[in-house]
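Student: For reference, the file final.cif (mmCIF, C-alpha atoms) is included below:
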data_input
loop_
_atom_site.label_atom_id
_atom_site.label_comp_id
_atom_site.auth_asym_id
_atom_site.auth_seq_id
_atom_site.Cartn_x
_atom_site.Cartn_y
_atom_site.Cartn_z
CA MET A 1318 -138.12 -129.10 -6.91
CA SER A 1319 -139.68 -126.59 -9.30
CA ILE A 1320 -138.53 -126.31 -12.85
CA GLN A 1321 -138.77 -122.89 -14.56
CA SER A 1322 -140.10 -122.73 -18.04
CA PRO A 1323 -137.82 -121.49 -20.89
CA SER A 1324 -139.96 -118.36 -21.27
CA ALA A 1325 -139.45 -117.47 -17.62
CA THR A 1326 -135.69 -117.94 -18.04
CA LYS A 1327 -135.63 -115.63 -21.04
CA LYS A 1328 -137.52 -112.98 -19.11
CA ALA A 1329 -135.19 -113.21 -16.13
CA ALA A 1330 -131.98 -113.03 -18.13
CA PRO A 1331 -132.17 -109.34 -19.19
CA SER A 1332 -132.75 -108.17 -15.61
CA ALA A 1333 -129.69 -110.10 -14.50
CA LEU A 1334 -127.58 -108.48 -17.19
CA VAL A 1335 -128.78 -104.99 -16.34
CA GLY A 1336 -127.60 -105.11 -12.74
CA ALA A 1337 -127.87 -102.35 -10.16
CA ARG A 1338 -127.90 -98.76 -11.35
CA LEU A 1339 -127.41 -95.46 -9.61
CA PRO A 1340 -130.57 -93.43 -9.11
CA ARG A 1341 -131.26 -90.55 -11.47
CA TRP A 1342 -130.61 -88.03 -8.73
CA ALA A 1343 -127.11 -89.39 -8.10
CA PRO A 1344 -125.23 -86.75 -10.19
CA VAL A 1345 -127.14 -83.97 -8.46
CA ALA A 1346 -126.39 -85.39 -5.04
CA CYS A 1347 -122.71 -85.80 -5.92
CA GLY A 1348 -122.62 -82.23 -7.21
CA VAL A 1349 -124.17 -80.87 -4.00
CA ALA A 1350 -121.75 -82.90 -1.88
CA ALA A 1351 -118.75 -81.75 -3.95
CA VAL A 1352 -119.77 -78.08 -3.68
CA ALA A 1353 -120.34 -78.42 0.06
CA LEU A 1354 -116.94 -80.02 0.60
CA ALA A 1355 -115.20 -77.40 -1.57
CA LEU A 1356 -116.88 -74.53 0.30
CA THR A 1357 -116.04 -76.13 3.64
CA ALA A 1358 -112.41 -76.40 2.61
CA LYS A 1359 -112.39 -72.82 1.30
CA PHE A 1360 -113.71 -71.22 4.47
CA GLY A 1361 -112.08 -73.74 6.80
CA ILE A 1362 -108.58 -73.67 5.33
CA GLY A 1363 -108.81 -70.10 4.05
CA TRP A 1364 -108.30 -70.58 0.32
CA SER A 1365 -107.92 -67.30 -1.54
CA GLY A 1366 -110.10 -66.84 -4.61
CA TRP A 1367 -113.06 -68.76 -5.93
CA GLY A 1368 -111.12 -70.45 -8.74
CA THR A 1369 -109.57 -72.99 -6.36
CA ALA A 1370 -112.96 -73.81 -4.87
CA PHE A 1371 -114.52 -74.20 -8.35
CA TRP A 1372 -111.89 -76.63 -9.64
CA SER A 1373 -111.84 -78.50 -6.34
CA ALA A 1374 -115.62 -78.95 -6.52
CA ALA A 1375 -115.35 -80.24 -10.10
CA LEU A 1376 -112.62 -82.72 -9.15
CA LEU A 1377 -114.52 -83.90 -6.07
CA PHE A 1378 -117.66 -84.36 -8.16
CA ILE A 1379 -115.86 -86.67 -10.59
CA ILE A 1380 -114.20 -88.64 -7.76
CA ILE A 1381 -117.37 -89.08 -5.66
CA LEU A 1382 -119.55 -90.07 -8.62
CA SER A 1383 -116.95 -92.51 -9.94
CA ILE A 1384 -116.45 -94.21 -6.56
CA TRP A 1385 -120.20 -94.46 -6.00
CA SER A 1386 -120.69 -95.89 -9.48
CA PHE A 1387 -117.88 -98.42 -8.96
CA THR A 1388 -119.36 -99.72 -5.69
CA ILE A 1389 -122.95 -99.99 -7.03
CA GLU A 1390 -122.74 -100.52 -10.79
CA GLY A 1391 -119.48 -102.35 -11.17
CA LYS A 1392 -116.19 -101.68 -12.90
CA ARG A 1393 -117.48 -101.61 -16.48
CA ARG A 1394 -120.29 -99.12 -15.93
CA ALA A 1395 -118.07 -97.06 -13.65
CA LYS A 1396 -115.58 -96.59 -16.49
CA ASP A 1397 -118.37 -95.54 -18.84
CA ARG A 1398 -119.78 -93.09 -16.32
CA PHE A 1399 -116.30 -91.72 -15.60
CA ALA A 1400 -115.67 -91.05 -19.31
CA SER A 1401 -119.08 -89.41 -19.83
CA THR A 1402 -118.59 -87.32 -16.70
CA LEU A 1403 -115.24 -86.08 -18.00
CA ILE A 1404 -116.86 -85.13 -21.33
CA TYR A 1405 -119.66 -83.16 -19.69
CA SER A 1406 -117.27 -81.60 -17.18
CA SER A 1407 -114.98 -80.46 -19.99
CA PHE A 1408 -117.94 -78.85 -21.74
CA VAL A 1409 -118.95 -77.03 -18.56
CA ALA A 1410 -115.34 -75.98 -17.91
CA ALA A 1411 -115.22 -74.42 -21.38
CA VAL A 1412 -118.61 -72.72 -21.23
CA VAL A 1413 -118.59 -71.35 -17.68
CA PRO A 1414 -115.58 -69.01 -18.11
CA LEU A 1415 -117.01 -67.72 -21.39
CA VAL A 1416 -120.40 -67.00 -19.79
CA LEU A 1417 -118.75 -65.35 -16.79
CA ILE A 1418 -116.56 -63.13 -18.98
CA LEU A 1419 -119.43 -62.07 -21.24
CA GLY A 1420 -121.74 -61.56 -18.28
CA TYR A 1421 -119.19 -59.43 -16.44
CA ILE A 1422 -118.58 -57.28 -19.53
CA VAL A 1423 -122.33 -56.76 -19.98
CA VAL A 1424 -122.85 -55.86 -16.32
CA LYS A 1425 -119.93 -53.39 -16.25
CA GLY A 1426 -120.49 -51.82 -19.66
CA TRP A 1427 -124.25 -51.81 -20.23
CA GLY A 1428 -124.84 -48.68 -18.16
CA THR A 1429 -122.40 -46.72 -20.35
CA LEU A 1430 -124.14 -47.46 -23.66
CA SER A 1431 -126.32 -44.65 -24.94
CA ALA A 1432 -126.95 -42.68 -28.09
CA ASP A 1433 -124.39 -40.06 -27.08
CA PHE A 1434 -121.82 -42.78 -26.40
CA PHE A 1435 -122.03 -43.95 -30.03
CA THR A 1436 -122.20 -40.47 -31.59
CA HIS A 1437 -119.41 -38.64 -29.74
CA SER A 1438 -115.65 -39.03 -29.66
CA MET A 1439 -113.18 -38.52 -26.83
CA ASN A 1440 -111.89 -35.23 -28.24
CA GLY A 1441 -111.67 -32.68 -25.44
CA VAL A 1442 -112.93 -35.11 -22.78
CA SER A 1443 -110.60 -35.32 -19.77
CA THR A 1444 -110.26 -38.27 -17.44
CA ARG A 1445 -112.42 -36.64 -14.75
CA LYS A 1446 -115.04 -35.37 -17.18
CA GLU A 1447 -118.20 -37.24 -18.00
CA GLY A 1448 -119.32 -37.87 -21.56
CA GLY A 1449 -117.35 -38.90 -24.59
CA GLY A 1450 -117.88 -42.01 -26.64
CA VAL A 1451 -116.64 -44.58 -29.12
CA TYR A 1452 -117.55 -42.83 -32.38
CA ALA A 1453 -113.97 -42.21 -33.52
CA ALA A 1454 -112.76 -45.59 -32.25
CA LEU A 1455 -115.63 -47.42 -33.93
CA ILE A 1456 -114.87 -45.77 -37.27
CA GLY A 1457 -111.20 -46.67 -36.99
CA THR A 1458 -111.92 -50.31 -36.10
CA LEU A 1459 -114.44 -50.76 -38.91
CA GLN A 1460 -112.13 -49.18 -41.49
CA GLN A 1461 -109.03 -51.13 -40.48
CA VAL A 1462 -110.84 -54.48 -40.25
CA ALA A 1463 -112.50 -53.82 -43.62
CA ILE A 1464 -109.14 -53.03 -45.28
CA ALA A 1465 -107.60 -56.13 -43.72
CA ALA A 1466 -110.51 -58.26 -44.95
CA VAL A 1467 -110.22 -56.86 -48.48
CA ILE A 1468 -106.53 -57.80 -48.49
CA ALA A 1469 -106.58 -61.15 -46.72
CA LEU A 1470 -109.87 -62.85 -47.63
CA PRO A 1471 -109.38 -63.01 -51.43
CA ILE A 1472 -105.78 -64.19 -51.02
CA GLY A 1473 -106.90 -66.76 -48.47
CA LEU A 1474 -109.70 -68.02 -50.72
CA PHE A 1475 -107.45 -68.31 -53.78
CA THR A 1476 -104.78 -70.08 -51.72
CA SER A 1477 -107.30 -72.58 -50.36
CA ILE A 1478 -108.61 -73.22 -53.90
CA TYR A 1479 -105.07 -73.94 -55.04
CA LEU A 1480 -104.38 -76.31 -52.15
CA VAL A 1481 -107.64 -78.25 -52.59
CA GLU A 1482 -108.06 -78.28 -56.37
CA TYR A 1483 -104.54 -77.99 -57.81
CA GLY A 1484 -101.86 -78.45 -55.15
CA LYS A 1485 -100.37 -81.94 -55.35
CA GLY A 1486 -96.60 -81.51 -55.33
CA ARG A 1487 -93.83 -80.16 -53.14
CA TYR A 1488 -94.85 -76.53 -53.62
CA ALA A 1489 -98.28 -77.23 -52.10
CA LYS A 1490 -96.61 -78.84 -49.07
CA VAL A 1491 -94.38 -75.78 -48.67
CA VAL A 1492 -97.43 -73.47 -48.81
CA THR A 1493 -99.26 -75.61 -46.25
CA PHE A 1494 -96.22 -75.58 -43.96
CA PHE A 1495 -95.88 -71.79 -44.03
CA VAL A 1496 -99.62 -71.34 -43.48
CA ASP A 1497 -99.35 -73.50 -40.36
CA VAL A 1498 -96.34 -71.48 -39.20
CA MET A 1499 -98.17 -68.19 -39.73
CA THR A 1500 -101.09 -69.47 -37.69
CA GLY A 1501 -98.90 -69.52 -34.59
CA VAL A 1502 -97.11 -66.20 -35.18
CA PRO A 1503 -97.77 -63.76 -32.28
CA SER A 1504 -99.56 -60.58 -33.24
CA ILE A 1505 -96.72 -58.38 -32.01
CA VAL A 1506 -94.36 -60.12 -34.47
CA ALA A 1507 -96.65 -59.21 -37.36
CA GLY A 1508 -96.72 -55.64 -36.08
CA LEU A 1509 -92.92 -55.49 -35.84
CA PHE A 1510 -92.61 -56.83 -39.38
CA VAL A 1511 -94.84 -54.12 -40.84
CA TYR A 1512 -93.25 -51.49 -38.60
CA THR A 1513 -89.77 -52.38 -39.84
CA PHE A 1514 -90.48 -52.65 -43.54
CA LEU A 1515 -93.16 -49.97 -43.89
CA LEU A 1516 -92.79 -47.27 -41.27
CA ILE A 1517 -89.03 -47.39 -40.77
CA GLY A 1518 -88.27 -48.45 -44.35
CA PHE A 1519 -90.22 -45.56 -45.89
CA GLY A 1520 -89.89 -43.11 -43.01
CA LEU A 1521 -93.63 -42.90 -42.37
CA ARG A 1522 -95.58 -41.97 -39.28
CA PRO A 1523 -98.18 -44.38 -37.83
CA PHE A 1524 -101.47 -44.48 -39.76
CA GLY A 1525 -104.55 -46.69 -39.82
CA ALA A 1526 -103.84 -48.68 -42.98
CA ALA A 1527 -100.50 -49.82 -41.58
CA GLY A 1528 -102.35 -51.53 -38.77
CA ALA A 1529 -104.74 -53.02 -41.32
CA ILE A 1530 -101.80 -54.65 -43.12
CA ALA A 1531 -100.65 -56.29 -39.89
CA LEU A 1532 -104.21 -57.46 -39.23
CA ALA A 1533 -104.33 -58.90 -42.75
CA LEU A 1534 -101.20 -60.94 -42.01
CA LEU A 1535 -102.89 -62.36 -38.91
CA MET A 1536 -106.15 -62.95 -40.76
CA LEU A 1537 -104.60 -64.72 -43.74
CA PRO A 1538 -103.72 -68.15 -42.22
CA VAL A 1539 -107.10 -68.40 -40.53
CA ALA A 1540 -108.84 -67.61 -43.81
CA VAL A 1541 -106.73 -70.18 -45.69
CA ARG A 1542 -107.21 -73.01 -43.23
CA SER A 1543 -110.94 -72.52 -42.63
CA SER A 1544 -111.71 -72.02 -46.35
CA GLU A 1545 -109.66 -75.10 -47.20
CA GLU A 1546 -111.74 -77.23 -44.83
CA MET A 1547 -114.98 -75.89 -46.30
CA LEU A 1548 -113.87 -76.70 -49.85
CA LYS A 1549 -112.87 -80.23 -48.81
CA LEU A 1550 -116.45 -80.82 -47.64
CA VAL A 1551 -117.78 -80.46 -51.19
CA PRO A 1552 -118.43 -84.03 -52.44
CA ARG A 1553 -115.97 -85.27 -55.02
CA GLU A 1554 -118.91 -86.66 -57.04
CA LEU A 1555 -120.05 -83.14 -57.90
CA ARG A 1556 -116.68 -82.33 -59.42
CA GLU A 1557 -116.52 -85.61 -61.31
CA SER A 1558 -120.01 -85.13 -62.71
CA SER A 1559 -119.05 -81.70 -63.99
CA TYR A 1560 -115.84 -83.04 -65.53
CA ALA A 1561 -117.79 -85.84 -67.21
CA LEU A 1562 -119.92 -83.24 -68.99
CA GLY A 1563 -116.79 -81.64 -70.40
CA VAL A 1564 -116.77 -78.60 -68.11
CA PRO A 1565 -113.22 -77.30 -67.52
CA ARG A 1566 -111.80 -77.26 -64.02
CA TRP A 1567 -111.87 -73.48 -63.54
CA ARG A 1568 -115.53 -73.34 -64.51
CA THR A 1569 -116.34 -76.29 -62.25
CA ILE A 1570 -114.76 -74.44 -59.36
CA LEU A 1571 -116.62 -71.26 -60.19
CA LYS A 1572 -120.05 -72.77 -60.86
CA VAL A 1573 -120.12 -75.91 -58.71
CA VAL A 1574 -117.56 -75.90 -55.90
CA LEU A 1575 -117.82 -72.30 -54.68
CA PRO A 1576 -121.66 -72.10 -54.70
CA THR A 1577 -121.86 -75.41 -52.82
CA ALA A 1578 -119.40 -74.25 -50.16
CA ALA A 1579 -120.63 -70.64 -50.08
CA SER A 1580 -122.27 -70.80 -46.64
CA GLY A 1581 -119.18 -72.38 -45.09
CA LEU A 1582 -116.87 -69.89 -46.81
CA ILE A 1583 -118.84 -66.98 -45.40
CA THR A 1584 -118.58 -68.48 -41.92
CA SER A 1585 -114.83 -69.00 -42.34
CA ALA A 1586 -114.40 -65.40 -43.52
CA LEU A 1587 -116.19 -64.14 -40.44
CA LEU A 1588 -114.05 -66.36 -38.25
CA ALA A 1589 -110.98 -64.70 -39.71
CA VAL A 1590 -112.47 -61.23 -39.16
CA ALA A 1591 -113.36 -62.02 -35.56
CA ARG A 1592 -109.80 -63.26 -35.04
CA VAL A 1593 -108.33 -59.78 -35.57
CA ALA A 1594 -111.15 -57.47 -34.45
CA GLY A 1595 -109.77 -57.10 -30.94
CA GLU A 1596 -106.03 -57.16 -31.63
CA THR A 1597 -104.12 -54.47 -29.76
CA ALA A 1598 -100.37 -55.15 -29.94
CA PRO A 1599 -99.87 -54.32 -33.66
CA LEU A 1600 -102.00 -51.19 -33.34
CA ILE A 1601 -99.77 -49.77 -30.60
CA LEU A 1602 -96.84 -49.78 -33.02
CA LEU A 1603 -98.55 -48.97 -36.30
CA VAL A 1604 -101.69 -46.90 -35.64
CA GLY A 1605 -101.13 -44.96 -32.46
CA TYR A 1606 -104.09 -43.30 -30.81
CA THR A 1607 -105.91 -40.00 -31.11
CA ALA A 1608 -108.99 -38.77 -29.31
CA SER A 1609 -110.19 -36.82 -32.34
CA ILE A 1610 -112.09 -38.21 -35.32
CA ASN A 1611 -109.91 -39.32 -38.21
CA THR A 1612 -111.83 -40.88 -41.09
CA ASN A 1613 -108.76 -41.17 -43.33
CA PRO A 1614 -106.95 -44.45 -42.57
CA PHE A 1615 -104.03 -43.47 -44.82
CA SER A 1616 -102.96 -40.39 -42.88
CA GLY A 1617 -102.26 -39.76 -39.21
CA ASP A 1618 -103.01 -41.59 -35.99
CA GLN A 1619 -106.39 -43.24 -35.76
CA ALA A 1620 -108.45 -44.38 -32.80
CA THR A 1621 -109.64 -47.97 -32.48
CA LEU A 1622 -111.76 -49.76 -29.89
CA PRO A 1623 -108.87 -51.82 -28.43
CA MET A 1624 -106.67 -48.72 -28.21
CA MET A 1625 -109.49 -46.72 -26.61
CA ILE A 1626 -109.85 -49.40 -23.94
CA TRP A 1627 -106.08 -49.32 -23.44
CA ASP A 1628 -106.15 -45.53 -23.12
CA GLN A 1629 -109.12 -45.35 -20.75
CA LEU A 1630 -107.45 -47.83 -18.42
CA GLY A 1631 -104.53 -45.43 -18.05
CA LYS A 1632 -102.04 -47.44 -20.12
CA LEU A 1633 -101.19 -44.46 -22.33
CA GLY A 1634 -100.29 -42.16 -19.47
CA GLY A 1635 -103.69 -41.03 -18.19
CA SER A 1636 -105.22 -41.59 -14.78
CA VAL A 1637 -107.98 -44.10 -14.08
CA THR A 1638 -111.26 -42.76 -12.69
CA ASP A 1639 -114.82 -44.03 -12.51
CA ASN A 1640 -115.54 -42.21 -15.79
CA THR A 1641 -112.61 -43.74 -17.66
CA SER A 1642 -113.34 -47.19 -16.25
CA GLY A 1643 -116.96 -46.98 -17.39
CA ARG A 1644 -115.93 -45.85 -20.87
CA ALA A 1645 -113.42 -48.73 -21.09
CA TRP A 1646 -116.06 -51.31 -20.23
CA GLY A 1647 -118.48 -49.65 -22.63
CA ALA A 1648 -115.91 -49.86 -25.44
CA ALA A 1649 -115.26 -53.52 -24.57
CA LEU A 1650 -118.98 -54.28 -24.74
CA THR A 1651 -119.20 -52.42 -28.05
CA LEU A 1652 -116.41 -54.59 -29.45
CA VAL A 1653 -118.20 -57.76 -28.31
CA LEU A 1654 -121.49 -56.56 -29.82
CA LEU A 1655 -119.71 -55.73 -33.08
CA VAL A 1656 -118.37 -59.28 -33.38
CA LEU A 1657 -121.81 -60.64 -32.43
CA ILE A 1658 -123.53 -58.55 -35.11
CA LEU A 1659 -121.03 -59.71 -37.72
CA ASN A 1660 -121.72 -63.32 -36.73
CA VAL A 1661 -125.48 -62.86 -37.01
CA VAL A 1662 -125.17 -61.14 -40.41
CA ALA A 1663 -122.89 -63.90 -41.67
CA ARG A 1664 -125.34 -66.58 -40.50
CA VAL A 1665 -128.20 -64.86 -42.30
CA ILE A 1666 -126.20 -64.48 -45.50
CA ALA A 1667 -125.05 -68.10 -45.28
CA ARG A 1668 -128.66 -69.27 -45.05
CA LEU A 1669 -129.66 -67.13 -48.02
CA VAL A 1670 -126.87 -68.42 -50.29
CA ARG A 1671 -127.14 -72.06 -49.19
CA PRO A 1672 -128.13 -74.19 -52.20
CA LYS A 1673 -131.68 -75.52 -51.95
CA ALA A 1674 -132.39 -79.19 -52.42
CA ARG A 1675 -134.40 -79.99 -55.51
#
Output the file's structure in the form of structure tokens.
Tutor:
Amino acid sequence: MSIQSPSATKKAAPSALVGARLPRWAPVACGVAAVALALTAKFGIGWSGWGTAFWSAALLFIIILSIWSFTIEGKRRAKDRFASTLIYSSFVAAVVPLVLILGYIVVKGWGTLSADFFTHSMNGVSTRKEGGGVYAALIGTLQQVAIAAVIALPIGLFTSIYLVEYGKGRYAKVVTFFVDVMTGVPSIVAGLFVYTFLLIGFGLRPFGAAGAIALALLMLPVAVRSSEEMLKLVPRELRESSYALGVPRWRTILKVVLPTAASGLITSALLAVARVAGETAPLILLVGYTASINTNPFSGDQATLPMMIWDQLGKLGGSVTDNTSGRAWGAALTLVLLVLILNVVARVIARLVRPKAR
């Protein structure tokens, strides 16, 4: 009878604890099997649409990999693999639709983009006529979003400063409650509110700034909430150090808190802007639509990118042709590029104003 040495026992113990593991190619094999089964079911049963096949493949992938892991690796590792698979699958489920939407918009709208498309309006361009562009709509969108930002962002910043630095009592809780309520208000409700109290109340016709006010109402809760979170990230020690030197609270906020949170505040402001850049429902009530160029947001109907898309798709009474469809996709791609450019500019500014470590 052979007796193993203690060192040999110590070396053998870890391998016993590790146990059997699935090969590295197991997820790939399970994915291929899940896709094959989903496609077989689609063409064999006759499922309509690719959405059912996609979600069926995802569900089959999780089931096959979990069962295989349970039979080879055991119950404990199977649970861990099941949880990690759900996390990665959720990430893919969130990213894939976004990539598909953006890719489809680029494919459909890229051929429409040109210098003439950005420098001409739709004035005098019929549904069956080629040409025309987003010049008037781009001006209207930029003006209305800018007016909304000028109204909402300062109010949102001051409100978030109050909630973080001063708000301790019942009034702060009431403000927080109404901010949360406004976050879930549908855009059409904001448009109806402005329409009732501004257009009907004063007997005015639709104009660009009226839509900007509705956009400001939608932008405000996003600006408050995101700015509030950025201000909460500033370490409390910085404030206490400033107070210990005898600096008053308002000066501490101005010189310490805001510069420290500047990059995050810029990002939150852009998040609020992106929230309203593509809103359509309030603009139908408050802005109207015109094919001609109107650079005065305080008088007359004004074109915007969402309303141009709505018009080119025949929702304002026109007919849909290949020309109108191409212009609609071009306007949609322009709107996406506008939000992308704003994001890039905000990132650059945030990096420039970020405090440097000394």
Student: As a VMD selection string, please: the residues near Ser1504 in chain A (cut-off 7 Å, only C-alpha atoms, same-chain neighbours under 5 positions excluded).
Tutor: chain A and resid 1535 1598 to 1599
Student: Would you output that residue set with C-alpha atoms, as a CSV table (one decimal), in the coordinates of the input?
Tutor:
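Generated file (selection28.csv):
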chain,number,residue,atom,x,y,z
A,1535,LEU,CA,-102.9,-62.4,-38.9
A,1598,ALA,CA,-100.4,-55.2,-29.9
A,1599,PRO,CA,-99.9,-54.3,-33.7
Student: Find the residues near range 1660-1672 of chain A: any atom within 12 Å, counting all atoms listed in the file, skip ones fewer than 4 places away on the same chain, and give them as a list in words.
Tutor: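 My list of contacting residues is Lys1572, Val1573, Val1574, Leu1575, Pro1576, Thr1577, Ala1578, Ala1579, Ser1580, Gly1581, Leu1582, Ile1583, Thr1584, Ser1585, Ala1586, Leu1587, Leu1588, Ala1589, Val1590, Ala1591, Val1653, Leu1654, Leu1655 and Val1656 of chain A.
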Student: Store the residues picked out above in a file with C-alpha atoms, as a PDB file, keeping the file's coordinate frame.
Tutor:
ATOM      1  CA  LYS A1572    -120.050 -72.770 -60.860  1.00  0.00           C
ATOM      2  CA  VAL A1573    -120.120 -75.910 -58.710  1.00  0.00           C
ATOM      3  CA  VAL A1574    -117.560 -75.900 -55.900  1.00  0.00           C
ATOM      4  CA  LEU A1575    -117.820 -72.300 -54.680  1.00  0.00           C
ATOM      5  CA  PRO A1576    -121.660 -72.100 -54.700  1.00  0.00           C
ATOM      6  CA  THR A1577    -121.860 -75.410 -52.820  1.00  0.00           C
ATOM      7  CA  ALA A1578    -119.400 -74.250 -50.160  1.00  0.00           C
ATOM      8  CA  ALA A1579    -120.630 -70.640 -50.080  1.00  0.00           C
ATOM      9  CA  SER A1580    -122.270 -70.800 -46.640  1.00  0.00           C
ATOM     10  CA  GLY A1581    -119.180 -72.380 -45.090  1.00  0.00           C
ATOM     11  CA  LEU A1582    -116.870 -69.890 -46.810  1.00  0.00           C
ATOM     12  CA  ILE A1583    -118.840 -66.980 -45.400  1.00  0.00           C
ATOM     13  CA  THR A1584    -118.580 -68.480 -41.920  1.00  0.00           C
ATOM     14  CA  SER A1585    -114.830 -69.000 -42.340  1.00  0.00           C
ATOM     15  CA  ALA A1586    -114.400 -65.400 -43.520  1.00  0.00           C
ATOM     16  CA  LEU A1587    -116.190 -64.140 -40.440  1.00  0.00           C
ATOM     17  CA  LEU A1588    -114.050 -66.360 -38.250  1.00  0.00           C
ATOM     18  CA  ALA A1589    -110.980 -64.700 -39.710  1.00  0.00           C
ATOM     19  CA  VAL A1590    -112.470 -61.230 -39.160  1.00  0.00           C
ATOM     20  CA  ALA A1591    -113.360 -62.020 -35.560  1.00  0.00           C
ATOM     21  CA  VAL A1653    -118.200 -57.760 -28.310  1.00  0.00           C
ATOM     22  CA  LEU A1654    -121.490 -56.560 -29.820  1.00  0.00           C
ATOM     23  CA  LEU A1655    -119.710 -55.730 -33.080  1.00  0.00           C
ATOM     24  CA  VAL A1656    -118.370 -59.280 -33.380  1.00  0.00           C
TER      25      VAL A1656
END
Student: Convert the output of the PyMOL selection byres ((chain A and resi 1616) around 12) on the shown file into explicit residues, formatted as a ChimeraX atom specification.
Tutor: /A:1457,1521-1528,1603-1605,1611-1615,1617-1619
Student: Hey, which of A:Gly1441, A:Ser1642, A:Ala1337, A:Ala1353 ends up closest to Ile1389 in chain A? Count only C-alpha atoms.
Tutor: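 Among the listed residues, A:Ala1337 lies closest to Ile1389 in chain A.
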Student: If we count all atoms listed in the file, what is near Ala1648 in chain A at a cut-off of 12 Å, once residues fewer than 6 positions away on the same chain are taken out, given as a PDB file with C-alpha atoms, in the coordinates of the input?
Tutor:
ATOM      1  CA  ILE A1422    -118.580 -57.280 -19.530  1.00  0.00           C
ATOM      2  CA  VAL A1423    -122.330 -56.760 -19.980  1.00  0.00           C
ATOM      3  CA  LYS A1425    -119.930 -53.390 -16.250  1.00  0.00           C
ATOM      4  CA  GLY A1426    -120.490 -51.820 -19.660  1.00  0.00           C
ATOM      5  CA  TRP A1427    -124.250 -51.810 -20.230  1.00  0.00           C
ATOM      6  CA  GLY A1428    -124.840 -48.680 -18.160  1.00  0.00           C
ATOM      7  CA  THR A1429    -122.400 -46.720 -20.350  1.00  0.00           C
ATOM      8  CA  LEU A1430    -124.140 -47.460 -23.660  1.00  0.00           C
ATOM      9  CA  SER A1431    -126.320 -44.650 -24.940  1.00  0.00           C
ATOM     10  CA  PHE A1434    -121.820 -42.780 -26.400  1.00  0.00           C
ATOM     11  CA  PHE A1435    -122.030 -43.950 -30.030  1.00  0.00           C
ATOM     12  CA  SER A1438    -115.650 -39.030 -29.660  1.00  0.00           C
ATOM     13  CA  MET A1439    -113.180 -38.520 -26.830  1.00  0.00           C
ATOM     14  CA  GLY A1449    -117.350 -38.900 -24.590  1.00  0.00           C
ATOM     15  CA  GLY A1450    -117.880 -42.010 -26.640  1.00  0.00           C
ATOM     16  CA  VAL A1451    -116.640 -44.580 -29.120  1.00  0.00           C
ATOM     17  CA  TYR A1452    -117.550 -42.830 -32.380  1.00  0.00           C
ATOM     18  CA  ALA A1453    -113.970 -42.210 -33.520  1.00  0.00           C
ATOM     19  CA  ALA A1454    -112.760 -45.590 -32.250  1.00  0.00           C
ATOM     20  CA  LEU A1455    -115.630 -47.420 -33.930  1.00  0.00           C
ATOM     21  CA  THR A1458    -111.920 -50.310 -36.100  1.00  0.00           C
ATOM     22  CA  GLY A1595    -109.770 -57.100 -30.940  1.00  0.00           C
ATOM     23  CA  ALA A1620    -108.450 -44.380 -32.800  1.00  0.00           C
ATOM     24  CA  THR A1621    -109.640 -47.970 -32.480  1.00  0.00           C
ATOM     25  CA  LEU A1622    -111.760 -49.760 -29.890  1.00  0.00           C
ATOM     26  CA  PRO A1623    -108.870 -51.820 -28.430  1.00  0.00           C
ATOM     27  CA  MET A1624    -106.670 -48.720 -28.210  1.00  0.00           C
ATOM     28  CA  MET A1625    -109.490 -46.720 -26.610  1.00  0.00           C
ATOM     29  CA  ILE A1626    -109.850 -49.400 -23.940  1.00  0.00           C
ATOM     30  CA  TRP A1627    -106.080 -49.320 -23.440  1.00  0.00           C
ATOM     31  CA  ASP A1628    -106.150 -45.530 -23.120  1.00  0.00           C
ATOM     32  CA  GLN A1629    -109.120 -45.350 -20.750  1.00  0.00           C
ATOM     33  CA  LEU A1630    -107.450 -47.830 -18.420  1.00  0.00           C
ATOM     34  CA  THR A1641    -112.610 -43.740 -17.660  1.00  0.00           C
ATOM     35  CA  SER A1642    -113.340 -47.190 -16.250  1.00  0.00           C
ATOM     36  CA  LEU A1654    -121.490 -56.560 -29.820  1.00  0.00           C
ATOM     37  CA  LEU A1655    -119.710 -55.730 -33.080  1.00  0.00           C
TER      38      LEU A1655
END
Student: Grab the CA of Ala1645 in chain A to CA of Thr1607 in chain A distance for me, in Å with one decimal place.
Tutor: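 That distance, rounded to one decimal, is 15.3 Å.
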Student: Separation of CA of Ile1468 in chain A and CA of Ala1540 in chain A, in Å?
Tutor: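 CA of Ala1540 in chain A lies 11.1 Å from CA of Ile1468 in chain A.
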Student: With 5 Å of padding per side, what axis-aligned box (centre and edge lengths, Å, one decimal) covers all the listed atoms of range 1570-1582 of chain A? Give it as JSON.
Tutor:
{"center_x": -118.5, "center_y": -72.9, "center_z": -53.0, "size_x": 17.5, "size_y": 16.0, "size_z": 25.8}
Student: Rebuild range 1536-1540 of chain A so that it carries N, CA and C atoms, then output the result as a compact mmCIF listing (two decimals), in the coordinates of the input.
Tutor:
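Once written, part.txt looks like this:
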# COMPACT_ATOMS: atom_id res chain seq x y z
N MET A 1536 -104.91 -62.39 -40.25
CA MET A 1536 -106.15 -62.95 -40.76
C MET A 1536 -105.92 -64.01 -41.82
N LEU A 1537 -104.83 -63.88 -42.57
CA LEU A 1537 -104.60 -64.72 -43.74
C LEU A 1537 -104.55 -66.22 -43.42
N PRO A 1538 -103.74 -66.69 -42.46
CA PRO A 1538 -103.72 -68.15 -42.22
C PRO A 1538 -105.04 -68.71 -41.75
N VAL A 1539 -105.79 -67.94 -40.97
CA VAL A 1539 -107.10 -68.40 -40.53
C VAL A 1539 -108.04 -68.54 -41.72
N ALA A 1540 -107.99 -67.56 -42.62
CA ALA A 1540 -108.84 -67.61 -43.81
C ALA A 1540 -108.47 -68.80 -44.70
